[in-house]
>>> print(open('final-v2.pdb').read())   # PDB, C-alpha atoms, pLDDT in the B column
ATOM      1  CA  MET A   1     119.178 132.249  63.257  1.00 48.00           C
ATOM      2  CA  ASN A   2     115.392 131.802  63.287  1.00 54.00           C
ATOM      3  CA  LYS A   3     115.280 133.349  59.800  1.00 54.00           C
ATOM      4  CA  ILE A   4     116.221 130.004  58.279  1.00 57.00           C
ATOM      5  CA  PHE A   5     113.311 128.361  60.112  1.00 52.00           C
ATOM      6  CA  CYS A   6     110.888 130.917  58.692  1.00 49.00           C
ATOM      7  CA  ILE A   7     112.295 130.600  55.183  1.00 52.00           C
ATOM      8  CA  LEU A   8     112.137 126.823  55.136  1.00 53.00           C
ATOM      9  CA  THR A   9     108.682 126.488  56.637  1.00 48.00           C
ATOM     10  CA  LEU A  10     107.323 128.723  53.894  1.00 45.00           C
ATOM     11  CA  ILE A  11     108.870 126.491  51.247  1.00 48.00           C
ATOM     12  CA  THR A  12     106.981 123.277  50.696  1.00 42.00           C
ATOM     13  CA  ILE A  13     109.326 120.652  49.349  1.00 40.00           C
ATOM     14  CA  SER A  14     107.765 117.231  49.366  1.00 38.00           C
ATOM     15  CA  ILE A  15     110.725 115.378  47.949  1.00 41.00           C
ATOM     16  CA  GLY A  16     111.346 111.915  49.318  1.00 42.00           C
ATOM     17  CA  THR A  17     109.645 108.659  50.033  1.00 44.00           C
ATOM     18  CA  ALA A  18     107.353 109.788  52.830  1.00 51.00           C
ATOM     19  CA  SER A  19     103.609 109.828  52.284  1.00 64.00           C
ATOM     20  CA  ALA A  20     101.817 113.114  51.739  1.00 70.00           C
ATOM     21  CA  ALA A  21      99.822 112.670  54.945  1.00 78.00           C
ATOM     22  CA  SER A  22     102.895 112.099  57.111  1.00 80.00           C
ATOM     23  CA  CYS A  23     104.632 115.096  55.508  1.00 85.00           C
ATOM     24  CA  GLU A  24     101.581 117.252  56.138  1.00 87.00           C
ATOM     25  CA  GLU A  25     101.584 116.218  59.789  1.00 88.00           C
ATOM     26  CA  ALA A  26     105.349 116.803  59.967  1.00 87.00           C
ATOM     27  CA  ARG A  27     104.972 120.308  58.528  1.00 86.00           C
ATOM     28  CA  SER A  28     102.279 121.072  61.088  1.00 89.00           C
ATOM     29  CA  ARG A  29     104.635 119.879  63.826  1.00 90.00           C
ATOM     30  CA  MET A  30     107.429 122.065  62.370  1.00 88.00           C
ATOM     31  CA  LEU A  31     105.162 125.122  62.613  1.00 89.00           C
ATOM     32  CA  ARG A  32     104.386 124.297  66.254  1.00 91.00           C
ATOM     33  CA  ALA A  33     108.116 123.922  66.909  1.00 90.00           C
ATOM     34  CA  GLY A  34     108.605 127.425  65.555  1.00 87.00           C
ATOM     35  CA  THR A  35     106.426 128.833  68.319  1.00 91.00           C
ATOM     36  CA  GLU A  36     107.959 126.690  71.067  1.00 90.00           C
ATOM     37  CA  SER A  37     110.196 128.590  73.502  1.00 90.00           C
ATOM     38  CA  ASP A  38     111.630 125.510  75.246  1.00 91.00           C
ATOM     39  CA  ILE A  39     114.567 124.369  73.072  1.00 89.00           C
ATOM     40  CA  ASP A  40     114.307 120.721  74.177  1.00 91.00           C
ATOM     41  CA  LYS A  41     110.607 120.558  73.271  1.00 92.00           C
ATOM     42  CA  LYS A  42     111.356 122.359  70.007  1.00 91.00           C
ATOM     43  CA  LEU A  43     114.067 119.838  69.095  1.00 92.00           C
ATOM     44  CA  GLU A  44     111.804 116.922  70.012  1.00 93.00           C
ATOM     45  CA  LEU A  45     109.040 118.221  67.714  1.00 91.00           C
ATOM     46  CA  LEU A  46     111.558 118.768  64.916  1.00 90.00           C
ATOM     47  CA  LYS A  47     113.040 115.264  65.349  1.00 92.00           C
ATOM     48  CA  LYS A  48     109.560 113.741  65.069  1.00 91.00           C
ATOM     49  CA  SER A  49     108.979 115.789  61.913  1.00 89.00           C
ATOM     50  CA  ALA A  50     112.271 114.639  60.408  1.00 88.00           C
ATOM     51  CA  HIS A  51     111.502 110.983  61.138  1.00 89.00           C
ATOM     52  CA  GLU A  52     108.003 111.261  59.653  1.00 88.00           C
ATOM     53  CA  CYS A  53     108.910 113.142  56.505  1.00 86.00           C
ATOM     54  CA  ALA A  54     112.138 112.490  54.642  1.00 84.00           C
ATOM     55  CA  ALA A  55     112.557 115.885  53.007  1.00 83.00           C
ATOM     56  CA  ALA A  56     115.265 118.506  52.801  1.00 85.00           C
ATOM     57  CA  ASP A  57     113.342 121.189  54.657  1.00 83.00           C
ATOM     58  CA  THR A  58     112.542 119.003  57.674  1.00 85.00           C
ATOM     59  CA  TYR A  59     116.169 117.912  58.009  1.00 90.00           C
ATOM     60  CA  ILE A  60     117.520 121.428  57.488  1.00 90.00           C
ATOM     61  CA  THR A  61     115.103 122.895  60.026  1.00 88.00           C
ATOM     62  CA  LEU A  62     116.147 120.282  62.589  1.00 91.00           C
ATOM     63  CA  ALA A  63     119.823 120.998  61.883  1.00 93.00           C
ATOM     64  CA  ASN A  64     119.137 124.679  62.469  1.00 91.00           C
ATOM     65  CA  GLY A  65     117.574 123.811  65.834  1.00 91.00           C
ATOM     66  CA  TYR A  66     120.704 121.937  66.841  1.00 94.00           C
ATOM     67  CA  LEU A  67     122.856 124.897  65.782  1.00 94.00           C
ATOM     68  CA  GLN A  68     120.749 127.207  67.949  1.00 91.00           C
ATOM     69  CA  ASN A  69     121.450 124.791  70.806  1.00 92.00           C
ATOM     70  CA  ASN A  70     125.221 124.789  70.058  1.00 94.00           C
ATOM     71  CA  GLN A  71     125.283 121.172  68.901  1.00 95.00           C
ATOM     72  CA  PRO A  72     127.130 121.398  65.573  1.00 96.00           C
ATOM     73  CA  SER A  73     127.902 117.663  65.295  1.00 96.00           C
ATOM     74  CA  LEU A  74     124.206 116.757  65.404  1.00 95.00           C
ATOM     75  CA  ALA A  75     123.432 119.613  63.014  1.00 95.00           C
ATOM     76  CA  LEU A  76     125.970 118.288  60.500  1.00 95.00           C
ATOM     77  CA  LYS A  77     124.468 114.796  60.805  1.00 95.00           C
ATOM     78  CA  TRP A  78     121.051 116.099  59.772  1.00 94.00           C
ATOM     79  CA  LEU A  79     122.506 118.319  57.063  1.00 95.00           C
ATOM     80  CA  GLU A  80     124.213 115.267  55.565  1.00 94.00           C
ATOM     81  CA  SER A  81     120.855 113.469  55.608  1.00 91.00           C
ATOM     82  CA  ALA A  82     119.258 116.398  53.782  1.00 91.00           C
ATOM     83  CA  GLU A  83     121.794 116.414  50.955  1.00 90.00           C
ATOM     84  CA  ILE A  84     120.170 113.651  48.886  1.00 89.00           C
ATOM     85  CA  TYR A  85     116.836 115.496  48.886  1.00 88.00           C
ATOM     86  CA  ILE A  86     118.158 118.879  47.772  1.00 87.00           C
ATOM     87  CA  GLY A  87     117.760 119.743  44.127  1.00 79.00           C
ATOM     88  CA  SER A  88     120.655 121.632  42.574  1.00 77.00           C
ATOM     89  CA  ASN A  89     118.247 124.092  40.946  1.00 82.00           C
ATOM     90  CA  ASN A  90     116.779 125.400  44.220  1.00 84.00           C
ATOM     91  CA  ASP A  91     119.176 128.194  45.182  1.00 89.00           C
ATOM     92  CA  LEU A  92     117.320 129.105  48.375  1.00 88.00           C
ATOM     93  CA  VAL A  93     117.390 125.626  49.884  1.00 88.00           C
ATOM     94  CA  LEU A  94     120.882 124.776  48.633  1.00 91.00           C
ATOM     95  CA  GLY A  95     122.234 128.141  49.776  1.00 92.00           C
ATOM     96  CA  SER A  96     120.620 127.697  53.202  1.00 92.00           C
ATOM     97  CA  TRP A  97     122.098 124.213  53.413  1.00 94.00           C
ATOM     98  CA  PHE A  98     125.611 125.501  52.681  1.00 95.00           C
ATOM     99  CA  ALA A  99     125.144 128.419  55.085  1.00 95.00           C
ATOM    100  CA  LEU A 100     124.112 126.123  57.931  1.00 95.00           C
ATOM    101  CA  LYS A 101     127.034 123.815  57.198  1.00 97.00           C
ATOM    102  CA  ALA A 102     129.308 126.872  57.406  1.00 96.00           C
ATOM    103  CA  GLU A 103     127.774 127.859  60.733  1.00 96.00           C
ATOM    104  CA  ALA A 104     128.257 124.328  62.113  1.00 96.00           C
ATOM    105  CA  HIS A 105     131.895 124.349  61.027  1.00 96.00           C
ATOM    106  CA  ILE A 106     132.385 127.763  62.623  1.00 95.00           C
ATOM    107  CA  GLN A 107     131.007 126.401  65.901  1.00 95.00           C
ATOM    108  CA  GLN A 108     133.483 123.514  65.604  1.00 95.00           C
ATOM    109  CA  ASN A 109     136.382 125.911  64.861  1.00 90.00           C
ATOM    110  CA  ASN A 110     136.909 124.303  61.458  1.00 90.00           C
ATOM    111  CA  LEU A 111     137.487 127.522  59.544  1.00 88.00           C
ATOM    112  CA  CYS A 112     138.679 125.813  56.376  1.00 86.00           C
ATOM    113  CA  LYS A 113     135.408 123.917  55.858  1.00 91.00           C
ATOM    114  CA  ALA A 114     133.437 126.933  57.056  1.00 92.00           C
ATOM    115  CA  SER A 115     135.153 129.127  54.472  1.00 89.00           C
ATOM    116  CA  ASN A 116     134.378 126.702  51.633  1.00 90.00           C
ATOM    117  CA  ASP A 117     130.730 126.303  52.630  1.00 94.00           C
ATOM    118  CA  LEU A 118     130.270 130.034  53.178  1.00 93.00           C
ATOM    119  CA  LEU A 119     131.585 130.797  49.698  1.00 92.00           C
ATOM    120  CA  LYS A 120     129.177 128.256  48.187  1.00 93.00           C
ATOM    121  CA  ALA A 121     126.305 129.761  50.181  1.00 94.00           C
ATOM    122  CA  LYS A 122     127.206 133.218  48.838  1.00 93.00           C
ATOM    123  CA  GLU A 123     127.120 131.843  45.286  1.00 92.00           C
ATOM    124  CA  ARG A 124     123.539 130.620  45.855  1.00 93.00           C
ATOM    125  CA  LEU A 125     122.069 133.313  48.098  1.00 93.00           C
ATOM    126  CA  GLY A 126     124.204 136.354  47.316  1.00 92.00           C
ATOM    127  CA  LYS A 127     126.531 138.071  49.731  1.00 89.00           C
ATOM    128  CA  ASN A 128     123.832 140.509  50.922  1.00 92.00           C
ATOM    129  CA  HIS A 129     121.377 137.872  52.122  1.00 92.00           C
ATOM    130  CA  GLU A 130     120.571 138.328  55.850  1.00 92.00           C
ATOM    131  CA  MET A 131     121.619 134.795  56.733  1.00 90.00           C
ATOM    132  CA  ILE A 132     124.944 135.245  54.923  1.00 93.00           C
ATOM    133  CA  LYS A 133     125.602 138.508  56.744  1.00 93.00           C
ATOM    134  CA  GLU A 134     125.086 136.832  60.137  1.00 93.00           C
ATOM    135  CA  ILE A 135     127.317 133.877  59.329  1.00 93.00           C
ATOM    136  CA  ASP A 136     129.941 136.127  57.760  1.00 90.00           C
ATOM    137  CA  LEU A 137     130.123 138.092  61.018  1.00 92.00           C
ATOM    138  CA  ALA A 138     130.441 134.907  63.063  1.00 92.00           C
ATOM    139  CA  PHE A 139     133.168 133.638  60.729  1.00 90.00           C
ATOM    140  CA  GLU A 140     135.140 136.888  60.879  1.00 88.00           C
ATOM    141  CA  TYR A 141     134.820 137.018  64.667  1.00 90.00           C
ATOM    142  CA  LYS A 142     136.009 133.417  65.059  1.00 88.00           C
ATOM    143  CA  ARG A 143     138.821 134.004  62.585  1.00 83.00           C
ATOM    144  CA  SER A 144     139.999 137.091  64.452  1.00 83.00           C
ATOM    145  CA  GLN A 145     140.000 135.269  67.800  1.00 81.00           C
ATOM    146  CA  GLN A 146     142.503 132.571  66.940  1.00 76.00           C
ATOM    147  CA  VAL A 147     145.902 131.979  65.469  1.00 74.00           C
ATOM    148  CA  ILE A 148     145.460 130.257  62.132  1.00 74.00           C
ATOM    149  CA  ASN A 149     147.841 127.430  61.292  1.00 75.00           C
ATOM    150  CA  LYS A 150     149.530 127.053  57.917  1.00 77.00           C
ATOM    151  CA  GLN A 151     147.194 124.304  56.715  1.00 75.00           C
ATOM    152  CA  THR A 152     144.040 126.324  57.470  1.00 71.00           C
ATOM    153  CA  LEU A 153     145.571 129.444  55.933  1.00 72.00           C
ATOM    154  CA  ASN A 154     146.373 127.575  52.707  1.00 73.00           C
ATOM    155  CA  CYS A 155     142.891 126.078  52.618  1.00 75.00           C
ATOM    156  CA  MET A 156     141.204 129.458  53.067  1.00 70.00           C
ATOM    157  CA  LEU A 157     143.376 131.063  50.381  1.00 73.00           C
ATOM    158  CA  THR A 158     142.634 128.207  47.986  1.00 70.00           C
ATOM    159  CA  ALA A 159     138.884 128.530  48.630  1.00 59.00           C
ATOM    160  CA  SER A 160     139.009 132.294  48.044  1.00 57.00           C
ATOM    161  CA  LYS A 161     141.025 131.873  44.852  1.00 53.00           C
ATOM    162  CA  SER A 162     138.654 129.175  43.583  1.00 50.00           C
ATOM    163  CA  ALA A 163     135.572 131.329  44.239  1.00 49.00           C
ATOM    164  CA  PHE A 164     137.217 134.328  42.612  1.00 46.00           C
ATOM    165  CA  SER A 165     137.960 132.331  39.458  1.00 47.00           C
ATOM    166  CA  LYS A 166     134.299 131.234  39.287  1.00 49.00           C
ATOM    167  CA  GLY A 167     133.166 134.841  39.064  1.00 49.00           C
ATOM    168  CA  VAL A 168     132.116 135.325  42.669  1.00 47.00           C
ATOM    169  CA  SER A 169     132.964 138.872  43.664  1.00 48.00           C
ATOM    170  CA  ILE A 170     134.952 138.111  46.789  1.00 49.00           C
ATOM    171  CA  ARG A 171     138.256 139.765  47.472  1.00 52.00           C
ATOM    172  CA  PRO A 172     140.698 137.197  48.830  1.00 54.00           C
ATOM    173  CA  SER A 173     141.967 138.487  52.159  1.00 59.00           C
ATOM    174  CA  ILE A 174     143.360 137.115  55.340  1.00 62.00           C
ATOM    175  CA  ASN A 175     143.324 138.782  58.729  1.00 63.00           C
ATOM    176  CA  VAL A 176     146.295 137.281  60.547  1.00 63.00           C
ATOM    177  CA  THR A 177     147.210 138.045  64.143  1.00 66.00           C
ATOM    178  CA  ILE A 178     150.966 137.943  64.618  1.00 69.00           C
ATOM    179  CA  PRO A 179     151.962 137.523  68.279  1.00 65.00           C
TER     180      PRO A 179
END
>>> encode(input="final-v2.pdb", output="structure tokens")
Amino acid sequence: MNKIFCILTLITISIGTASAASCEEARSRMLRAGTESDIDKKLELLKKSAHECAAADTYITLANGYLQNNQPSLALKWLESAEIYIGSNNDLVLGSWFALKAEAHIQQNNLCKASNDLLKAKERLGKNHEMIKEIDLAFEYKRSQQVINKQTLNCMLTASKSAFSKGVSIRPSINVTIP
């Protein structure tokens, strides 16, 4: 999932209240984090960046680091913080944000929320985007590995129906394992 890191570090979004100098330093730290092999050091650099520069890309990159470290709750915390800085006209950032939320929900086994966020990510990034393909595979794997309760099934069908009515070319389908 390092693709999201590369995408977001190439985008320079300086939205927020942080000064230009602190955001410049934070972006430099984010680039160093991208080359760091130790996940704890990487997360520490990303946390410092997020605290220095209140911007969508710093928060999203940190959330991605937490997802790589299988910490979906912390990832969702930072994704929530990023929401106020994301413009609705930036499909790449908004789509990445939804995709990472979907991945966090998949890691938490919350397939209903994952399904909704994944559909929104597909609307923004397109279903053939590399990040979408990866998350789609993770979602399908997780979905095939568990028995889905009635509530989750209804939620997923509702999400599929809603996306279909908005013109998204997704065929509603459910893969149900019957014991």
>>> resolve_selection(input="final-v2.pdb", expression="the PyMOL selection byres ((chain A and resi 101-115) around 8)", output="list in words")
Leu67, Asn70, Pro72, Ser73, Ala75, Leu76, Leu79, Trp97, Phe98, Ala99, Leu100, Asn116, Asp117, Leu118, Leu119, Ile135, Ala138, Phe139, Lys142, Arg143, Thr152, Leu153, Cys155, Met156 and Ala159 of chain A
>>> resolve_selection(input="final-v2.pdb", expression="the PyMOL selection byres ((chain A and resi 60) around 8)", output="mmCIF file with C-alpha atoms, keeping the file's coordinate frame")
data_model
loop_
_atom_site.group_PDB
_atom_site.id
_atom_site.type_symbol
_atom_site.label_atom_id
_atom_site.label_comp_id
_atom_site.auth_asym_id
_atom_site.auth_seq_id
_atom_site.Cartn_x
_atom_site.Cartn_y
_atom_site.Cartn_z
ATOM 1 C CA LEU A 8 112.137 126.823 55.136
ATOM 2 C CA ALA A 56 115.265 118.506 52.801
ATOM 3 C CA ASP A 57 113.342 121.189 54.657
ATOM 4 C CA THR A 58 112.542 119.003 57.674
ATOM 5 C CA TYR A 59 116.169 117.912 58.009
ATOM 6 C CA THR A 61 115.103 122.895 60.026
ATOM 7 C CA LEU A 62 116.147 120.282 62.589
ATOM 8 C CA ALA A 63 119.823 120.998 61.883
ATOM 9 C CA ASN A 64 119.137 124.679 62.469
ATOM 10 C CA TRP A 78 121.051 116.099 59.772
ATOM 11 C CA LEU A 79 122.506 118.319 57.063
ATOM 12 C CA ALA A 82 119.258 116.398 53.782
ATOM 13 C CA TRP A 97 122.098 124.213 53.413
#
>>> atom_distance(input="final-v2.pdb", atom1="atom CA of A:Arg32", atom2="atom CA of A:Ala121")
27.7 Å
>>> resolve_selection(input="final-v2.pdb", expression="the PyMOL selection byres ((chain A and resi 29) around 12)", output="number ranges by chain")
A: 9, 22-28, 30-36, 41-53, 58, 61-62
>>> closest_residue(input="final-v2.pdb", among="A:Leu157, A:Leu94, A:Ala20, A:Ala54", to="A:Lys122", atoms="only C-alpha atoms")
A:Leu94
>>> atom_distance(input="final-v2.pdb", atom1="atom CA of A:Asp136", atom2="atom CA of A:Gln68")
16.4 Å
>>> atom_distance(input="final-v2.pdb", atom1="atom CA of A:Asn128", atom2="atom CA of A:Asn90")
18.0 Å
